[in-house]
>>> print(open('work05.cif').read())   # mmCIF, C-alpha atoms and all ligand atoms
data_input
#
loop_
_atom_site.group_PDB
_atom_site.id
_atom_site.type_symbol
_atom_site.label_atom_id
_atom_site.label_comp_id
_atom_site.auth_asym_id
_atom_site.auth_seq_id
_atom_site.Cartn_x
_atom_site.Cartn_y
_atom_site.Cartn_z
ATOM 1 C CA MET A 1 0.000 0.000 0.000
ATOM 2 C CA HIS A 2 1.337 3.459 -0.819
ATOM 3 C CA LYS A 3 1.255 5.958 2.026
ATOM 4 C CA LYS A 4 -2.102 7.702 2.380
ATOM 5 C CA TYR A 5 -2.323 11.389 3.267
ATOM 6 C CA VAL A 6 -5.440 11.569 5.390
ATOM 7 C CA LEU A 7 -7.806 14.047 6.956
ATOM 8 C CA VAL A 8 -9.847 12.497 9.758
ATOM 9 C CA ASP A 9 -13.355 13.892 10.255
ATOM 10 C CA CYS A 10 -14.826 12.528 13.477
ATOM 11 C CA ASP A 11 -17.015 12.810 16.595
ATOM 12 C CA PRO A 12 -15.000 10.881 19.230
ATOM 13 C CA GLY A 13 -16.592 8.601 20.306
ATOM 14 C CA HIS A 14 -15.020 5.309 21.445
ATOM 15 C CA ASP A 15 -14.744 3.700 18.017
ATOM 16 C CA ASP A 16 -13.490 6.952 16.459
ATOM 17 C CA VAL A 17 -10.596 6.803 18.932
ATOM 18 C CA MET A 18 -9.781 3.216 17.962
ATOM 19 C CA ALA A 19 -9.774 4.232 14.277
ATOM 20 C CA ILE A 20 -7.260 7.004 14.980
ATOM 21 C CA LEU A 21 -5.086 4.750 17.141
ATOM 22 C CA SER A 22 -4.813 2.149 14.402
ATOM 23 C CA ALA A 23 -3.856 4.823 11.869
ATOM 24 C CA LEU A 24 -1.144 6.040 14.257
ATOM 25 C CA ALA A 25 0.134 2.492 14.617
ATOM 26 C CA HIS A 26 0.962 2.550 10.870
ATOM 27 C CA PRO A 27 3.029 5.659 10.117
ATOM 28 C CA GLU A 28 4.332 3.869 7.025
ATOM 29 C CA SER A 29 0.753 3.809 5.666
ATOM 30 C CA PHE A 30 -0.943 6.918 7.083
ATOM 31 C CA GLU A 31 0.167 10.537 7.310
ATOM 32 C CA ILE A 32 -2.514 12.319 9.356
ATOM 33 C CA LEU A 33 -2.642 15.900 8.035
ATOM 34 C CA GLY A 34 -5.261 17.025 10.533
ATOM 35 C CA ILE A 35 -8.440 16.172 12.387
ATOM 36 C CA THR A 36 -11.770 17.969 12.164
ATOM 37 C CA THR A 37 -14.473 17.427 14.754
ATOM 38 C CA VAL A 38 -18.172 17.605 14.049
ATOM 39 C CA CYS A 39 -21.415 17.620 16.015
ATOM 40 C CA GLY A 40 -22.474 13.976 16.104
ATOM 41 C CA ASN A 41 -22.475 11.514 18.957
ATOM 42 C CA ASN A 42 -22.466 14.568 21.254
ATOM 43 C CA LEU A 43 -22.277 18.365 21.041
ATOM 44 C CA LEU A 44 -19.250 19.921 19.377
ATOM 45 C CA PRO A 45 -17.430 21.390 22.428
ATOM 46 C CA LEU A 46 -17.484 18.002 24.219
ATOM 47 C CA ILE A 47 -16.483 16.095 21.080
ATOM 48 C CA THR A 48 -13.573 18.451 20.462
ATOM 49 C CA GLN A 49 -12.427 18.238 24.079
ATOM 50 C CA ASN A 50 -12.507 14.434 23.829
ATOM 51 C CA MET A 51 -10.254 14.527 20.772
ATOM 52 C CA LEU A 52 -7.788 16.869 22.481
ATOM 53 C CA ASN A 53 -7.804 14.717 25.629
ATOM 54 C CA VAL A 54 -6.876 11.648 23.615
ATOM 55 C CA LEU A 55 -4.141 13.353 21.571
ATOM 56 C CA SER A 56 -2.623 14.858 24.698
ATOM 57 C CA TYR A 57 -2.728 11.504 26.524
ATOM 58 C CA ILE A 58 -1.031 9.657 23.669
ATOM 59 C CA HIS A 59 1.548 12.442 23.136
ATOM 60 C CA HIS A 60 0.420 13.314 19.607
ATOM 61 C CA GLU A 61 -0.068 17.031 20.218
ATOM 62 C CA GLU A 62 1.467 17.751 16.800
ATOM 63 C CA ILE A 63 -1.737 16.705 14.977
ATOM 64 C CA PRO A 64 -3.851 19.841 14.452
ATOM 65 C CA VAL A 65 -7.479 19.609 15.579
ATOM 66 C CA CYS A 66 -10.014 22.004 14.088
ATOM 67 C CA MET A 67 -13.588 22.441 15.365
ATOM 68 C CA GLY A 68 -16.113 21.816 12.616
ATOM 69 C CA ALA A 69 -19.854 22.307 12.299
ATOM 70 C CA ASP A 70 -21.776 22.664 15.550
ATOM 71 C CA LYS A 71 -25.028 21.364 14.082
ATOM 72 C CA PRO A 72 -26.309 19.341 11.117
ATOM 73 C CA LEU A 73 -27.297 21.203 7.911
ATOM 74 C CA VAL A 74 -31.034 21.074 8.608
ATOM 75 C CA PHE A 75 -31.879 19.013 11.689
ATOM 76 C CA LYS A 76 -31.072 19.545 15.358
ATOM 77 C CA PRO A 77 -28.158 17.661 17.003
ATOM 78 C CA SER A 78 -29.005 14.133 18.197
ATOM 79 C CA PRO A 79 -26.554 12.976 20.926
ATOM 80 C CA GLN A 80 -26.101 9.205 21.378
ATOM 81 C CA PRO A 81 -26.321 7.624 24.849
ATOM 82 C CA ALA A 82 -24.063 4.697 23.813
ATOM 83 C CA HIS A 83 -21.000 6.961 24.221
ATOM 84 C CA GLY A 84 -21.880 8.089 27.756
ATOM 85 C CA TYR A 85 -22.521 11.451 29.408
ATOM 86 C CA ASN A 86 -19.607 13.264 27.706
ATOM 87 C CA GLY A 87 -19.412 11.373 24.415
ATOM 88 C CA LEU A 88 -16.340 9.390 25.525
ATOM 89 C CA GLU A 89 -17.090 7.913 28.921
ATOM 90 C CA GLY A 90 -14.907 5.245 30.549
ATOM 91 C CA PHE A 91 -11.554 6.928 31.180
ATOM 92 C CA GLU A 92 -10.575 9.986 33.214
ATOM 93 C CA PHE A 93 -8.053 11.971 31.200
ATOM 94 C CA PRO A 94 -5.464 14.094 32.976
ATOM 95 C CA GLN A 95 -5.544 17.910 32.640
ATOM 96 C CA HIS A 96 -3.625 19.438 29.719
ATOM 97 C CA HIS A 97 -3.346 22.674 27.767
ATOM 98 C CA LEU A 98 -3.943 21.444 24.224
ATOM 99 C CA LYS A 99 -6.308 23.644 22.193
ATOM 100 C CA PRO A 100 -7.899 23.405 18.753
ATOM 101 C CA VAL A 101 -6.411 25.522 15.973
ATOM 102 C CA SER A 102 -8.104 28.885 15.520
ATOM 103 C CA SER A 103 -8.904 28.694 11.775
ATOM 104 C CA ASP A 104 -12.408 28.051 10.512
ATOM 105 C CA TYR A 105 -12.923 24.445 9.475
ATOM 106 C CA LEU A 106 -13.696 25.059 5.808
ATOM 107 C CA SER A 107 -10.433 26.961 5.295
ATOM 108 C CA PHE A 108 -8.578 24.375 7.374
ATOM 109 C CA MET A 109 -9.849 21.457 5.297
ATOM 110 C CA ARG A 110 -9.403 23.274 1.986
ATOM 111 C CA ASP A 111 -5.829 24.327 2.820
ATOM 112 C CA LYS A 112 -4.835 20.863 4.044
ATOM 113 C CA ILE A 113 -6.192 19.256 0.875
ATOM 114 C CA LEU A 114 -4.804 21.778 -1.596
ATOM 115 C CA SER A 115 -1.358 21.941 0.013
ATOM 116 C CA SER A 116 -0.933 18.183 0.354
ATOM 117 C CA PRO A 117 1.889 16.734 -1.778
ATOM 118 C CA ASN A 118 -0.366 13.772 -2.625
ATOM 119 C CA LYS A 119 -4.092 13.420 -3.114
ATOM 120 C CA VAL A 120 -5.898 13.280 0.222
ATOM 121 C CA THR A 121 -8.083 10.491 1.583
ATOM 122 C CA ILE A 122 -10.855 11.672 3.895
ATOM 123 C CA MET A 123 -11.619 9.238 6.711
ATOM 124 C CA ALA A 124 -15.198 10.091 7.671
ATOM 125 C CA LEU A 125 -16.207 8.657 11.049
ATOM 126 C CA ALA A 126 -19.239 10.802 11.861
ATOM 127 C CA PRO A 127 -22.167 12.694 10.328
ATOM 128 C CA LEU A 128 -21.029 14.210 7.019
ATOM 129 C CA THR A 129 -21.816 17.885 7.759
ATOM 130 C CA ASN A 130 -18.228 19.172 7.517
ATOM 131 C CA ILE A 131 -17.470 17.263 4.330
ATOM 132 C CA ALA A 132 -20.712 18.284 2.610
ATOM 133 C CA SER A 133 -20.079 21.941 3.452
ATOM 134 C CA LEU A 134 -16.510 21.675 2.186
ATOM 135 C CA LEU A 135 -17.613 20.185 -1.150
ATOM 136 C CA THR A 136 -20.313 22.855 -1.486
ATOM 137 C CA HIS A 137 -18.181 25.883 -0.592
ATOM 138 C CA HIS A 138 -14.831 24.749 -2.010
ATOM 139 C CA PRO A 139 -15.528 22.418 -4.942
ATOM 140 C CA GLU A 140 -11.952 23.065 -6.124
ATOM 141 C CA VAL A 141 -10.767 20.504 -3.533
ATOM 142 C CA LYS A 142 -12.444 17.620 -5.383
ATOM 143 C CA ASP A 143 -9.535 17.140 -7.791
ATOM 144 C CA ASN A 144 -7.148 16.657 -4.892
ATOM 145 C CA ILE A 145 -9.297 14.153 -2.992
ATOM 146 C CA GLU A 146 -8.278 10.567 -3.630
ATOM 147 C CA GLU A 147 -11.296 9.094 -1.928
ATOM 148 C CA ILE A 148 -13.777 9.529 0.902
ATOM 149 C CA VAL A 149 -14.061 6.415 3.041
ATOM 150 C CA LEU A 150 -16.952 6.642 5.454
ATOM 151 C CA MET A 151 -18.682 4.601 8.112
ATOM 152 C CA GLY A 152 -22.397 5.079 7.686
ATOM 153 C CA GLY A 153 -25.656 3.814 6.266
ATOM 154 C CA SER A 154 -26.996 0.304 5.971
ATOM 155 C CA TRP A 155 -28.178 -2.236 3.422
ATOM 156 C CA TYR A 156 -31.404 -3.179 5.178
ATOM 157 C CA ARG A 157 -31.442 -2.349 8.901
ATOM 158 C CA GLY A 158 -30.659 0.454 11.325
ATOM 159 C CA ASN A 159 -29.353 1.391 14.749
ATOM 160 C CA VAL A 160 -31.361 4.560 15.453
ATOM 161 C CA LEU A 161 -34.440 3.758 13.381
ATOM 162 C CA PRO A 162 -35.370 0.324 12.004
ATOM 163 C CA HIS A 163 -33.716 1.271 8.672
ATOM 164 C CA ALA A 164 -31.349 4.132 9.520
ATOM 165 C CA GLU A 165 -27.798 4.222 10.817
ATOM 166 C CA PHE A 166 -26.745 7.096 13.108
ATOM 167 C CA ASN A 167 -24.151 8.954 10.979
ATOM 168 C CA ILE A 168 -26.568 9.260 8.063
ATOM 169 C CA TYR A 169 -29.671 9.790 10.231
ATOM 170 C CA ALA A 170 -27.984 12.676 12.075
ATOM 171 C CA ASP A 171 -27.444 14.650 8.869
ATOM 172 C CA PRO A 172 -29.089 13.035 5.830
ATOM 173 C CA HIS A 173 -28.850 16.249 3.789
ATOM 174 C CA ALA A 174 -25.072 16.221 4.191
ATOM 175 C CA ALA A 175 -24.909 12.549 3.192
ATOM 176 C CA ASP A 176 -26.951 13.308 0.087
ATOM 177 C CA ILE A 177 -24.488 16.044 -0.944
ATOM 178 C CA VAL A 178 -21.489 13.750 -0.426
ATOM 179 C CA PHE A 179 -23.027 10.754 -2.239
ATOM 180 C CA THR A 180 -23.977 12.885 -5.261
ATOM 181 C CA SER A 181 -20.687 14.823 -5.386
ATOM 182 C CA LYS A 182 -19.067 12.406 -7.846
ATOM 183 C CA VAL A 183 -16.035 12.135 -5.559
ATOM 184 C CA LYS A 184 -14.861 8.520 -5.313
ATOM 185 C CA THR A 185 -16.442 7.162 -2.134
ATOM 186 C CA THR A 186 -16.373 3.927 -0.177
ATOM 187 C CA ILE A 187 -19.231 3.355 2.254
ATOM 188 C CA ILE A 188 -18.897 0.968 5.190
ATOM 189 C CA PRO A 189 -22.466 0.299 6.326
ATOM 190 C CA LEU A 190 -23.770 -1.402 9.458
ATOM 191 C CA GLU A 191 -23.894 -4.892 7.975
ATOM 192 C CA CYS A 192 -20.190 -4.824 7.096
ATOM 193 C CA CYS A 193 -19.522 -3.492 10.610
ATOM 194 C CA ASP A 194 -21.266 -6.618 11.929
ATOM 195 C CA ASP A 195 -18.040 -8.376 10.899
ATOM 196 C CA CYS A 196 -15.844 -5.694 12.509
ATOM 197 C CA THR A 197 -16.032 -6.903 16.078
ATOM 198 C CA ILE A 198 -13.893 -7.868 19.045
ATOM 199 C CA ASP A 199 -14.500 -10.572 21.568
ATOM 200 C CA GLU A 200 -15.405 -9.921 25.214
ATOM 201 C CA GLU A 201 -12.174 -11.785 26.056
ATOM 202 C CA THR A 202 -10.160 -9.138 24.209
ATOM 203 C CA VAL A 203 -11.758 -6.428 26.348
ATOM 204 C CA GLN A 204 -10.918 -8.449 29.473
ATOM 205 C CA MET A 205 -7.347 -8.964 28.243
ATOM 206 C CA TRP A 206 -6.907 -5.177 27.953
ATOM 207 C CA ASN A 207 -8.468 -4.787 31.416
ATOM 208 C CA GLN A 208 -5.637 -6.909 32.837
ATOM 209 C CA ASP A 209 -2.919 -4.989 30.958
ATOM 210 C CA ASN A 210 -1.486 -2.162 33.034
ATOM 211 C CA ARG A 211 0.524 -0.381 30.365
ATOM 212 C CA TYR A 212 -0.119 3.385 30.025
ATOM 213 C CA LEU A 213 -1.855 3.263 26.622
ATOM 214 C CA THR A 214 -3.774 0.079 27.336
ATOM 215 C CA LYS A 215 -5.323 1.594 30.463
ATOM 216 C CA MET A 216 -7.038 4.161 28.249
ATOM 217 C CA VAL A 217 -8.064 1.580 25.649
ATOM 218 C CA ALA A 218 -9.389 -0.783 28.342
ATOM 219 C CA GLY A 219 -11.413 1.964 30.044
ATOM 220 C CA LEU A 220 -12.966 3.108 26.781
ATOM 221 C CA MET A 221 -13.646 -0.362 25.375
ATOM 222 C CA ASP A 222 -15.020 -1.664 28.673
ATOM 223 C CA PHE A 223 -17.538 1.192 28.656
ATOM 224 C CA PHE A 224 -18.359 0.768 24.955
ATOM 225 C CA ALA A 225 -19.014 -2.945 25.563
ATOM 226 C CA ILE A 226 -21.785 -2.213 28.095
ATOM 227 C CA TYR A 227 -24.374 -1.804 25.343
ATOM 228 C CA GLY A 228 -23.477 -5.170 23.793
ATOM 229 C CA ARG A 229 -23.481 -6.926 27.172
ATOM 230 C CA GLN A 230 -26.936 -5.513 27.887
ATOM 231 C CA HIS A 231 -28.054 -7.202 24.671
ATOM 232 C CA GLN A 232 -26.341 -10.515 25.604
ATOM 233 C CA ARG A 233 -23.655 -10.093 22.949
ATOM 234 C CA THR A 234 -20.217 -11.572 23.451
ATOM 235 C CA ARG A 235 -18.700 -9.648 20.518
ATOM 236 C CA HIS A 236 -18.560 -5.847 20.311
ATOM 237 C CA THR A 237 -18.730 -3.788 17.127
ATOM 238 C CA ILE A 238 -16.000 -1.174 16.635
ATOM 239 C CA PHE A 239 -17.712 0.610 13.737
ATOM 240 C CA ASP A 240 -15.316 3.421 12.783
ATOM 241 C CA LEU A 241 -12.185 1.287 13.040
ATOM 242 C CA ALA A 242 -13.405 -0.423 9.859
ATOM 243 C CA VAL A 243 -12.472 2.741 7.928
ATOM 244 C CA THR A 244 -8.801 2.563 8.941
ATOM 245 C CA LEU A 245 -8.506 -1.173 8.550
ATOM 246 C CA TYR A 246 -10.214 -1.116 5.144
ATOM 247 C CA LEU A 247 -7.677 1.469 3.950
ATOM 248 C CA LEU A 248 -4.884 -0.620 5.441
ATOM 249 C CA GLN A 249 -5.930 -3.856 3.781
ATOM 250 C CA PRO A 250 -8.885 -3.559 1.373
ATOM 251 C CA ASP A 251 -8.549 -7.184 0.264
ATOM 252 C CA LYS A 252 -9.904 -8.256 3.677
ATOM 253 C CA PHE A 253 -13.259 -6.651 2.725
ATOM 254 C CA GLU A 254 -15.887 -7.407 0.039
ATOM 255 C CA GLY A 255 -18.344 -5.044 -1.583
ATOM 256 C CA GLU A 256 -19.955 -3.884 -4.782
ATOM 257 C CA TYR A 257 -20.393 -0.671 -6.765
ATOM 258 C CA CYS A 258 -23.798 0.881 -6.187
ATOM 259 C CA ASP A 259 -25.985 3.859 -6.893
ATOM 260 C CA THR A 260 -26.948 5.402 -3.564
ATOM 261 C CA LYS A 261 -29.981 7.279 -2.334
ATOM 262 C CA VAL A 262 -30.634 8.857 1.055
ATOM 263 C CA VAL A 263 -34.109 9.409 2.460
ATOM 264 C CA LEU A 264 -34.046 12.956 3.834
ATOM 265 C CA SER A 265 -37.050 12.959 6.156
ATOM 266 C CA GLY A 266 -39.914 10.999 7.665
ATOM 267 C CA GLN A 267 -40.383 9.692 11.196
ATOM 268 C CA GLU A 268 -39.767 6.108 10.107
ATOM 269 C CA THR A 269 -37.467 6.738 7.160
ATOM 270 C CA ARG A 270 -35.130 9.688 7.856
ATOM 271 C CA GLY A 271 -31.546 8.667 7.081
ATOM 272 C CA GLN A 272 -32.367 5.409 5.330
ATOM 273 C CA THR A 273 -29.868 4.539 2.594
ATOM 274 C CA ILE A 274 -30.843 2.688 -0.570
ATOM 275 C CA PHE A 275 -28.039 0.943 -2.453
ATOM 276 C CA THR A 276 -28.644 -0.426 -5.950
ATOM 277 C CA GLN A 277 -25.933 -2.353 -7.740
ATOM 278 C CA ASN A 278 -24.345 -0.455 -10.657
ATOM 279 C CA ILE A 279 -20.867 -1.430 -11.791
ATOM 280 C CA ASN A 280 -20.359 2.067 -13.249
ATOM 281 C CA SER A 281 -21.004 3.904 -9.989
ATOM 282 C CA HIS A 282 -18.309 5.979 -8.228
ATOM 283 C CA VAL A 283 -19.539 4.629 -4.888
ATOM 284 C CA TYR A 284 -18.327 1.289 -3.533
ATOM 285 C CA VAL A 285 -20.432 -0.209 -0.730
ATOM 286 C CA LEU A 286 -18.917 -2.860 1.513
ATOM 287 C CA LYS A 287 -20.750 -6.006 2.561
ATOM 288 C CA HIS A 288 -18.349 -8.151 4.536
ATOM 289 C CA ALA A 289 -15.038 -8.109 6.358
ATOM 290 C CA ASP A 290 -12.723 -10.813 7.643
ATOM 291 C CA THR A 291 -13.585 -10.787 11.350
ATOM 292 C CA LYS A 292 -10.641 -12.888 12.514
ATOM 293 C CA TRP A 293 -8.169 -10.657 10.698
ATOM 294 C CA PHE A 294 -9.930 -7.485 11.925
ATOM 295 C CA GLU A 295 -9.707 -8.435 15.590
ATOM 296 C CA GLN A 296 -6.096 -9.632 15.376
ATOM 297 C CA GLN A 297 -5.050 -6.460 13.543
ATOM 298 C CA MET A 298 -6.648 -4.346 16.258
ATOM 299 C CA ILE A 299 -4.960 -6.337 19.028
ATOM 300 C CA ASP A 300 -1.600 -6.039 17.258
ATOM 301 C CA ASP A 301 -1.998 -2.292 16.681
ATOM 302 C CA ILE A 302 -2.846 -1.603 20.332
ATOM 303 C CA ASN A 303 -0.038 -3.855 21.523
ATOM 304 C CA HIS A 304 2.433 -2.064 19.247
ATOM 305 C CA LEU A 305 1.318 1.387 20.422
ATOM 306 C CA ALA A 306 1.332 0.289 24.084
ATOM 307 C CA ASN A 307 4.992 -0.620 23.695
ATOM 308 C CA ILE A 308 5.971 2.804 22.361
ATOM 309 C CA ILE A 309 3.578 5.240 24.091
ATOM 310 C CA ASN A 310 4.133 5.602 27.808
HETATM 311 O O1 LIG B 1 -23.553 4.059 13.818
HETATM 312 C C1 LIG B 1 -22.224 4.021 14.203
HETATM 313 C C2 LIG B 1 -21.620 5.415 14.220
HETATM 314 O O2 LIG B 1 -22.260 6.213 15.210
HETATM 315 C C3 LIG B 1 -20.143 5.433 14.552
HETATM 316 O O3 LIG B 1 -19.486 6.456 13.817
HETATM 317 C C4 LIG B 1 -20.103 5.654 16.038
HETATM 318 O O4 LIG B 1 -18.997 6.438 16.428
HETATM 319 C C5 LIG B 1 -21.481 6.208 16.402
HETATM 320 O O5 LIG B 1 -21.517 7.443 17.024
HETATM 321 CA CA CA B 2 -18.098 8.135 15.051
#
>>> encode(input="work05.cif", output="C-alpha cells", more="lines below")
Ligand code: RIB
Ligand code: CA
Amino acid sequence: MHKKYVLVDCDPGHDDVMAILSALAHPESFEILGITTVCGNNLLPLITQNMLNVLSYIHHEEIPVCMGADKPLVFKPSPQPAHGYNGLEGFEFPQHHLKPVSSDYLSFMRDKILSSPNKVTIMALAPLTNIASLLTHHPEVKDNIEEIVLMGGSWYRGNVLPHAEFNIYADPHAADIVFTSKVKTTIIPLECCDDCTIDEETVQMWNQDNRYLTKMVAGLMDFFAIYGRQHQRTRHTIFDLAVTLYLLQPDKFEGEYCDTKVVLSGQETRGQTIFTQNINSHVYVLKHADTKWFEQQMIDDINHLANIIN
C-alpha cells in the first residue's frame, strides 16, 4: 500500500478513537494531516475536548485539531447515549493545555487538501456535515481528494431507526451532498460493521494490561461494551475502526459498486440509505469483512502502540 495522506473527520466517540489509534500504529501507511471534529455523537465542544484529551494523553499534540460544524445542515443535534454522558465515557483523562487551531474548518480542510503533496483520503467517522459543506463551498478541492471512506448507512437495517444508521440519520442532507458529489467514495455500512467486532475476552485482556496506553483503551472499550453486554452479545462492534482497517488492507473486505440514495425525512425513514448495484457507480459499498483478521489487527496495533507510548 502506498502511504495515504489523510484528513480524519470525526465525533469521538469510542470507536473513532480506535480508528485514529490504528492509523497512528501505521506511520508507514498513514500521514494524518489534521483532524476535524463535528457535532455527532455529542455536542461539538465536548467532542472536540474528547479529541484533544486523547491526543494529549497519547503524546500526539502535533496533529492539528479544528472544530467543525456545531449542528447538522437542517436538523437539530441528536446525541447518542451509547457513548456516555460526555461522548467518551470510561476513562478519566489528565488535565492538559492542548487547544484546537483557531482557523475556521472550511479553510482548514481546503488548505490541508490543496497543500498536500499527494491526493488526500478523507476518513469520515461521523455525520457528514463538515465534508458536505466543504464540497459545497470549495468544490476546487475535489480534484485533490483521492477518496472519501466513510462509516455510515446500511443495506437493510438500522441502529437509530429500524432502517437508519446514526451517521446518516444525524445529517441526511449532508450525506446526500457527499453521495452525489461524484467524488470517489467507499461506504462501510452497518452490515459490514457486523463483521468488525472484538471478543469480550479481548476487552478483558486489555483490562488486565497495566501499560499506560492500554489503560485508556481498556477503560474506553469496557464502557463501549456495556451496550453489547446488555443485549447478551459476546462480541462488540468497533464501527469506525473499519475505515482505517479497510484502507490498510482492502482485500480483507468485500463489496460492490452501487448507486446510492438517502431518504431525507420521515419519522420512520429519515436517514435510510438505498443501495442499488451499478458497476459504473463511483460509490463502492462494503458487505463483509474478515472478522478474525480485523480483531487480530486491532490487538496487534494496540499492543504495538502500548509498547511505544508511555
Ligand atoms: O452508527 C455508528 C456510528 O455512530 C459510529 O461512527 C459511532 O462512532 C457512532 O456514534
Ligand atoms: Ca463516530
>>> residues_near_ligand(input="work05.cif", ligand="ligand CA 2 (chain B)", cutoff="6 Å", atoms="all atoms listed in the file", output="VMD selection string")
chain A and resid 10 to 13 16 125 to 126 240
>>> write_last_selection(input="work05.cif", atoms="C-alpha atoms", output="compact mmCIF listing (two decimals), in the coordinates of the input")
# COMPACT_ATOMS: atom_id res chain seq x y z
CA CYS A 10 -14.83 12.53 13.48
CA ASP A 11 -17.02 12.81 16.60
CA PRO A 12 -15.00 10.88 19.23
CA GLY A 13 -16.59 8.60 20.31
CA ASP A 16 -13.49 6.95 16.46
CA LEU A 125 -16.21 8.66 11.05
CA ALA A 126 -19.24 10.80 11.86
CA ASP A 240 -15.32 3.42 12.78
>>> resolve_selection(input="work05.cif", expression="the PyMOL selection byres (((not hetatm)) within 9 of (chain B and resi 1))", output="ChimeraX atom specification")
/A:10-17,40-42,79-80,82-83,87,124-127,150-153,158-160,164-168,189-190,193,238-241
>>> write_last_selection(input="work05.cif", atoms="C-alpha atoms", output="PDB file, in the frame of the given file")
ATOM      1  CA  CYS A  10     -14.826  12.528  13.477  1.00  0.00           C
ATOM      2  CA  ASP A  11     -17.015  12.810  16.595  1.00  0.00           C
ATOM      3  CA  PRO A  12     -15.000  10.881  19.230  1.00  0.00           C
ATOM      4  CA  GLY A  13     -16.592   8.601  20.306  1.00  0.00           C
ATOM      5  CA  HIS A  14     -15.020   5.309  21.445  1.00  0.00           C
ATOM      6  CA  ASP A  15     -14.744   3.700  18.017  1.00  0.00           C
ATOM      7  CA  ASP A  16     -13.490   6.952  16.459  1.00  0.00           C
ATOM      8  CA  VAL A  17     -10.596   6.803  18.932  1.00  0.00           C
ATOM      9  CA  GLY A  40     -22.474  13.976  16.104  1.00  0.00           C
ATOM     10  CA  ASN A  41     -22.475  11.514  18.957  1.00  0.00           C
ATOM     11  CA  ASN A  42     -22.466  14.568  21.254  1.00  0.00           C
ATOM     12  CA  PRO A  79     -26.554  12.976  20.926  1.00  0.00           C
ATOM     13  CA  GLN A  80     -26.101   9.205  21.378  1.00  0.00           C
ATOM     14  CA  ALA A  82     -24.063   4.697  23.813  1.00  0.00           C
ATOM     15  CA  HIS A  83     -21.000   6.961  24.221  1.00  0.00           C
ATOM     16  CA  GLY A  87     -19.412  11.373  24.415  1.00  0.00           C
ATOM     17  CA  ALA A 124     -15.198  10.091   7.671  1.00  0.00           C
ATOM     18  CA  LEU A 125     -16.207   8.657  11.049  1.00  0.00           C
ATOM     19  CA  ALA A 126     -19.239  10.802  11.861  1.00  0.00           C
ATOM     20  CA  PRO A 127     -22.167  12.694  10.328  1.00  0.00           C
ATOM     21  CA  LEU A 150     -16.952   6.642   5.454  1.00  0.00           C
ATOM     22  CA  MET A 151     -18.682   4.601   8.112  1.00  0.00           C
ATOM     23  CA  GLY A 152     -22.397   5.079   7.686  1.00  0.00           C
ATOM     24  CA  GLY A 153     -25.656   3.814   6.266  1.00  0.00           C
ATOM     25  CA  GLY A 158     -30.659   0.454  11.325  1.00  0.00           C
ATOM     26  CA  ASN A 159     -29.353   1.391  14.749  1.00  0.00           C
ATOM     27  CA  VAL A 160     -31.361   4.560  15.453  1.00  0.00           C
ATOM     28  CA  ALA A 164     -31.349   4.132   9.520  1.00  0.00           C
ATOM     29  CA  GLU A 165     -27.798   4.222  10.817  1.00  0.00           C
ATOM     30  CA  PHE A 166     -26.745   7.096  13.108  1.00  0.00           C
ATOM     31  CA  ASN A 167     -24.151   8.954  10.979  1.00  0.00           C
ATOM     32  CA  ILE A 168     -26.568   9.260   8.063  1.00  0.00           C
ATOM     33  CA  PRO A 189     -22.466   0.299   6.326  1.00  0.00           C
ATOM     34  CA  LEU A 190     -23.770  -1.402   9.458  1.00  0.00           C
ATOM     35  CA  CYS A 193     -19.522  -3.492  10.610  1.00  0.00           C
ATOM     36  CA  ILE A 238     -16.000  -1.174  16.635  1.00  0.00           C
ATOM     37  CA  PHE A 239     -17.712   0.610  13.737  1.00  0.00           C
ATOM     38  CA  ASP A 240     -15.316   3.421  12.783  1.00  0.00           C
ATOM     39  CA  LEU A 241     -12.185   1.287  13.040  1.00  0.00           C
TER      40      LEU A 241
END
>>> residues_near_point(input="work05.cif", point="(-8.0, 21.1, 0.4)", cutoff="12 Å", atoms="all atoms listed in the file", output="short mmCIF file (atom, residue, chain, number, x, y, z; two decimals) with C-alpha atoms, in the coordinates of the input")
data_model
loop_
_atom_site.label_atom_id
_atom_site.label_comp_id
_atom_site.auth_asym_id
_atom_site.auth_seq_id
_atom_site.Cartn_x
_atom_site.Cartn_y
_atom_site.Cartn_z
CA TYR A 5 -2.32 11.39 3.27
CA VAL A 6 -5.44 11.57 5.39
CA LEU A 7 -7.81 14.05 6.96
CA LEU A 33 -2.64 15.90 8.04
CA GLY A 34 -5.26 17.02 10.53
CA TYR A 105 -12.92 24.44 9.48
CA LEU A 106 -13.70 25.06 5.81
CA SER A 107 -10.43 26.96 5.30
CA PHE A 108 -8.58 24.38 7.37
CA MET A 109 -9.85 21.46 5.30
CA ARG A 110 -9.40 23.27 1.99
CA ASP A 111 -5.83 24.33 2.82
CA LYS A 112 -4.84 20.86 4.04
CA ILE A 113 -6.19 19.26 0.88
CA LEU A 114 -4.80 21.78 -1.60
CA SER A 115 -1.36 21.94 0.01
CA SER A 116 -0.93 18.18 0.35
CA PRO A 117 1.89 16.73 -1.78
CA ASN A 118 -0.37 13.77 -2.62
CA LYS A 119 -4.09 13.42 -3.11
CA VAL A 120 -5.90 13.28 0.22
CA THR A 121 -8.08 10.49 1.58
CA ILE A 122 -10.86 11.67 3.90
CA ILE A 131 -17.47 17.26 4.33
CA LEU A 134 -16.51 21.68 2.19
CA LEU A 135 -17.61 20.18 -1.15
CA HIS A 137 -18.18 25.88 -0.59
CA HIS A 138 -14.83 24.75 -2.01
CA PRO A 139 -15.53 22.42 -4.94
CA GLU A 140 -11.95 23.06 -6.12
CA VAL A 141 -10.77 20.50 -3.53
CA LYS A 142 -12.44 17.62 -5.38
CA ASP A 143 -9.54 17.14 -7.79
CA ASN A 144 -7.15 16.66 -4.89
CA ILE A 145 -9.30 14.15 -2.99
CA GLU A 146 -8.28 10.57 -3.63
#
>>> resolve_selection(input="work05.cif", expression="the PyMOL selection byres (((chain A and resi 39) around 6) and not hetatm)", output="PyMOL selection string")
chain A and resi 38+40+43-44+70-71
>>> atom_distance(input="work05.cif", atom1="CA of Asn278 in chain A", atom2="CA of Ala174 in chain A")
22.3 Å
>>> closest_residue(input="work05.cif", among="A:Ser265, A:Thr48, A:Gln232, A:Asn130", to="Val178 in chain A", atoms="all atoms listed in the file")
A:Asn130
>>> atom_distance(input="work05.cif", atom1="CA of Met216 in chain A", atom2="CA of Phe91 in chain A")
6.1 Å
>>> resolve_selection(input="work05.cif", expression="the PyMOL selection byres (((chain A and resi 283) around 10) and not hetatm)", output="list in words")
Glu147, Ile148, Val149, Phe179, Thr180, Lys182, Val183, Lys184, Thr185, Thr186, Ile187, Glu256, Tyr257, Cys258, Asp259, Thr260, Phe275, Gln277, Asn278, Ile279, Asn280, Ser281, His282, Tyr284, Val285 and Leu286 of chain A
